[in-house]
Every structure is written in C-alpha cells, then in structure tokens.
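Data block below; observations after.
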Amino acid sequence: MKNAKILYIILIVTLLVGVGCAPVSTPKVEEVPVEEAPVEVKPVVYASIYPMYDFARKIGKDKIDLRLIIPPGAEPHGWEPTAKMMMELEKADVLIYNGAQIEMWIDKVLGSLSNESLIVVEATKGIELLKYSEDDHDHEYEDKDKAKDAHGEYDPHVWLNPIKAIEQANIIKDALIKADEENKEFYENNFNEFAGKLTALDIKFEESLKNRKRDQIVVAHGAFGYMAARYGLQQISISGLSPQEEPSAAKLAELTKKIKEYGIRYIFFETLTSPKLSEMLAIETGASTAVLNPIDGLTAEDMKAGKDYLSIMEENLDILIKALGE
Ligand SMILES: [Zn+2]
C-alpha cells in the first residue's frame, strides 16, 4: 500500500517534470552551439566476472569505459549471456574473462562474435592452475564424467591468492596497453600501485594466520583452493567447484563428522547463494555461521557500499582469524 502510494507520487512528479521541461529545454538545446572540444574516445572494456572487472578498474581507472558482463547479485557459475549482451560485445574493444571454465559460455560467445578488432584476454593464460582436489570429492558425483564435463577439472578461483591476482592483473594491464598504447604509462603506474597493495595483502594474510589453532575451513563451494594452498589451510567444501552441485546425504553426514572431529567453530556461507546448507550443518554441530566471500560476484548492496576485492579480502581475513583462532 505504502509502495503503491510512493509509486503514484513518483509517477505524478515525473509527469509534471516532463510537462514542465519539454517545451522549454528542446529549443534551448538547439540554440546552444555544439562544443568542438575533442571527445576523448575511451576503449570499451567488458569484464566477465567481478574480480576481472575490479582489477581492470584499478588499472584503467577513468581512461577506460568499463562494463561488467555478469550483473551484480548473479552467481557466475551457470550464468548465460543474453542476446543483448552479444550485441553489445560486437561493439566492444576489449573482452576480459577469467578462463579455467568459470565462464562456461565463453567458447560459444567467441565463436559467434564477428567483432574482428576485439582484443580477447584470458586472465588465467600461462598461470599455473590447481586441479580441483578434495579428499572426499570423488564420491559426491553420481556421474563422474558428466560432472567433469560440466565443471572442468581445474579450479578457476585463481584470484583468491593475492599473488596470483597480481599475475591476472598483469595480463589485464597488457591488454589495456594493447588497446590504448597512448596511456601505457598510466596503466603501468596503476598496475604497480595495485600490485603493491596485493603484495601487502598477501603478507598480512601470512602474518595474521600464523598463530591459528586449526587449518580446516568449511566453505559453501570449493572456491578457496588457491587461498588454502597459499596459506597452508585445508578446504572442506559443502558443494563442489560450482555452488550448483548439491551434496548427497552421505556427504553431509561425513561433513558433520569432520566438523566435530576437527572442532570447527564456523561454517562459512556466501552472499550469492542460499545459506541453507551451512546453517543446517551449524545447527547440527553447534558451530556458528559467517560469510567467507569467494568474490565470484558482488551483491548490488556490496557494490553500492563501495566494497571491492581488497576490502572483501580484508573482511575474509578478519573472519578467518576469528574462525581459526578460537
Ligand atoms: Zn565459484
């Protein structure tokens, strides 16, 4: 009722403003001479998932026209591009994607685009990838080959190791220079500044997690392999590499057993998927729940609040210190 009233007021105001302005502003526009100042043509850069977008933003800043392909709030695993997005990509200068099969749609899209000048960047190219491994990983699939086909055998969540994130940012920097050679120095300086912050973040993770009581983290989906490998943690994931994978009853029972065995105090959940399973395991084991964000994507609220890769990694570190130290 209240919403309806607000909508009604907005409608009335819009109509009044529309009626009020239209006859006045139209001739005005024609009278003002068009300014001849050269329009700065910025490269139009599309980034598939949020980490690629954020890295490109840190390097390109106001010199690029940056757009995020997968909208805020959407879970990138299993996302499909729209026809409208395909049309937009035909006019793009640069397309940055992570690779390692988190964008299951990329081959199809690249195969059907006729944009011949498009600079396509795979931000995991040449980076050593981890094979997805978890002790009890094998028997969670009903059809192993099908699962492999659907999710790939490599872990795509490279950005969760800040040092690998530097490698990814470096690949993105090179692509921006290729698209806009004139601003080479600008991109290089911004990259160096960002790489410095990532190095500092890595040191902070290393130092802060030194005096922990346990190594195990129970996470919603298997996104934290690179982080775990970097800092000596052991990832136990509720779903598999993709949040779409539903754990079996047997797997849940095994998880409950492990949580009790390791004395795990926190079961992590994510912002883009349902916390249901994490909550259920927490109730069953007497643990608490908290967010550990894989930064696959941001919610619209987090975007609005100005959060980014660095601030979320700091939040991740804070909860890891708490969860592993208690
Ligand atoms: Zn993921």
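Here, A, B, ... name the chains of the structure tokens in the order displayed, residue numbers run from 1 inside each chain, and ligands are numbered from 1 in the same displayed order.
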
request  = Can you list, as a ChimeraX atom specification, all residues belonging to region 204-289 of chain A that DSSP tags as helix (DSSP H, G or I)?
outcome  = /A:204-208,225-231,249-262,276-285

Please give me, as a JSON list (two decimals) with C-alpha atoms, in the first residue's frame, the residues lying within 9 Å of ligand 1 when counting only C-alpha atoms and all ligand atoms.
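What follows is the written file selection12.json:
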[["chain", "number", "residue", "atom", "x", "y", "z"],
["A", 75, "GLU", "CA", 26.05, -16.24, -9.38],
["A", 76, "PRO", "CA", 28.53, -16.59, -12.26],
["A", 77, "HIS", "CA", 28.67, -20.41, -12.33],
["A", 102, "ILE", "CA", 34.17, -20.45, -14.81],
["A", 155, "ASP", "CA", 39.87, -24.71, -10.12],
["A", 156, "PRO", "CA", 39.07, -21.34, -11.72],
["A", 157, "HIS", "CA", 39.12, -19.23, -8.50],
["A", 221, "HIS", "CA", 31.56, -24.18, -2.51],
["A", 222, "GLY", "CA", 35.09, -25.23, -3.39],
["A", 223, "ALA", "CA", 36.33, -21.74, -4.26],
["A", 224, "PHE", "CA", 39.13, -21.39, -1.75],
["A", 241, "LEU", "CA", 33.64, -26.47, -7.54],
["A", 242, "SER", "CA", 30.31, -24.95, -8.51],
["A", 243, "PRO", "CA", 27.63, -23.94, -5.97],
["A", 294, "PRO", "CA", 34.81, -16.10, -2.78],
["A", 295, "ILE", "CA", 34.29, -12.82, -4.73],
["A", 296, "ASP", "CA", 32.82, -14.77, -7.66],
["A", 297, "GLY", "CA", 30.48, -11.79, -7.75]]

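Here CA of Ile96 (chain A) stands at a distance of 17.6 Å from CA of Leu160 (chain A).
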
Strand (DSSP E) call set, DSSP backbone run, region 190-259 of chain A, as a VMD selection string = chain A and resid 216 to 219 234 to 237

message = One number please: CA of Lys178 (chain A) to CA of Met87 (chain A), in Å, one decimal.
response =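 One can read the CA of Lys178 (chain A) to CA of Met87 (chain A) distance as 22.9 Å.
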
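If only C-alpha atoms are the atoms counted, then among A:Trp105, A:Pro72, A:Gln168, A:Leu89 the closest residue to Glu122 (chain A) is A:Gln168.
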
Can you pull out every residue within 12 Å of Ser117 (chain A), counting only C-alpha atoms, but drop anything in the same chain fewer than 4 positions away, and send it as an mmCIF file with C-alpha atoms, in the first residue's frame?
data_model
loop_
_atom_site.group_PDB
_atom_site.id
_atom_site.type_symbol
_atom_site.label_atom_id
_atom_site.label_comp_id
_atom_site.auth_asym_id
_atom_site.auth_seq_id
_atom_site.Cartn_x
_atom_site.Cartn_y
_atom_site.Cartn_z
ATOM 1 C CA PRO A 43 38.324 1.851 -25.075
ATOM 2 C CA VAL A 44 35.132 -0.011 -24.257
ATOM 3 C CA LEU A 89 30.082 -7.241 -27.334
ATOM 4 C CA GLU A 90 30.052 -6.689 -31.103
ATOM 5 C CA LYS A 91 30.916 -3.046 -30.370
ATOM 6 C CA ALA A 92 33.457 -3.687 -27.608
ATOM 7 C CA ASP A 93 37.214 -3.064 -27.816
ATOM 8 C CA VAL A 94 38.367 -5.451 -25.090
ATOM 9 C CA LEU A 95 36.815 -8.546 -23.524
ATOM 10 C CA LEU A 113 31.037 -12.896 -32.455
ATOM 11 C CA LYS A 178 47.404 -3.111 -26.432
ATOM 12 C CA ALA A 179 44.035 -1.387 -26.777
#

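Compared by their closest atoms to Arg265 (chain A), and using only C-alpha atoms, the residues A:Asn192, A:Ser288, A:Ser239, A:Gln244 rank with A:Ser288 nearest.
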
Shell around Ile264 (chain A) at 9 Å using only C-alpha atoms, local window under 4 positions removed, as a list in words =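 Residues meeting the cut-off are Arg214, Gln216, Ile217, Val218, Lys258, Ile259, Lys260, Thr285, Ala287, Ala323, Leu324 and Glu326 of chain A.
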
message = When you count only C-alpha atoms, which of these residues is closest to Gly78 (chain A): A:Glu245, A:Glu185, A:Glu116, A:Asp107?
response = A:Glu245

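If you measure from each of A:Gly60, A:Pro51, A:Gly111, A:Gly73 to Asn183 (chain A) using only C-alpha atoms, the closest one turns out to be A:Gly60.
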
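In terms of minimum interatomic distance to Met227 (chain A), A:Met313 ranks closest within A:Met313, A:Ile321, A:Ala249, A:Met303, counting only C-alpha atoms.
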
message = Excluding Gly196 (chain A) and its own-chain neighbours fewer than 6 positions away, which residues fall within 12 Å of it when counting only C-alpha atoms? Please give them as a list in words.
response = Pro162, Ile163, Ala165, Ile166, Ala169, Asn189, Asn190, Asp202, Ile203 and Leu310 of chain A

ask   = Which residue, A:Met86, A:Val41, A:Met104, A:Ala74, has the smallest gap to Thr271 (chain A) when you use only C-alpha atoms?
value = A:Ala74

task = Could you check how far CA of Tyr187 (chain A) sits from CA of Ile59 (chain A), in Å to one decimal?
result = 5.4 Å
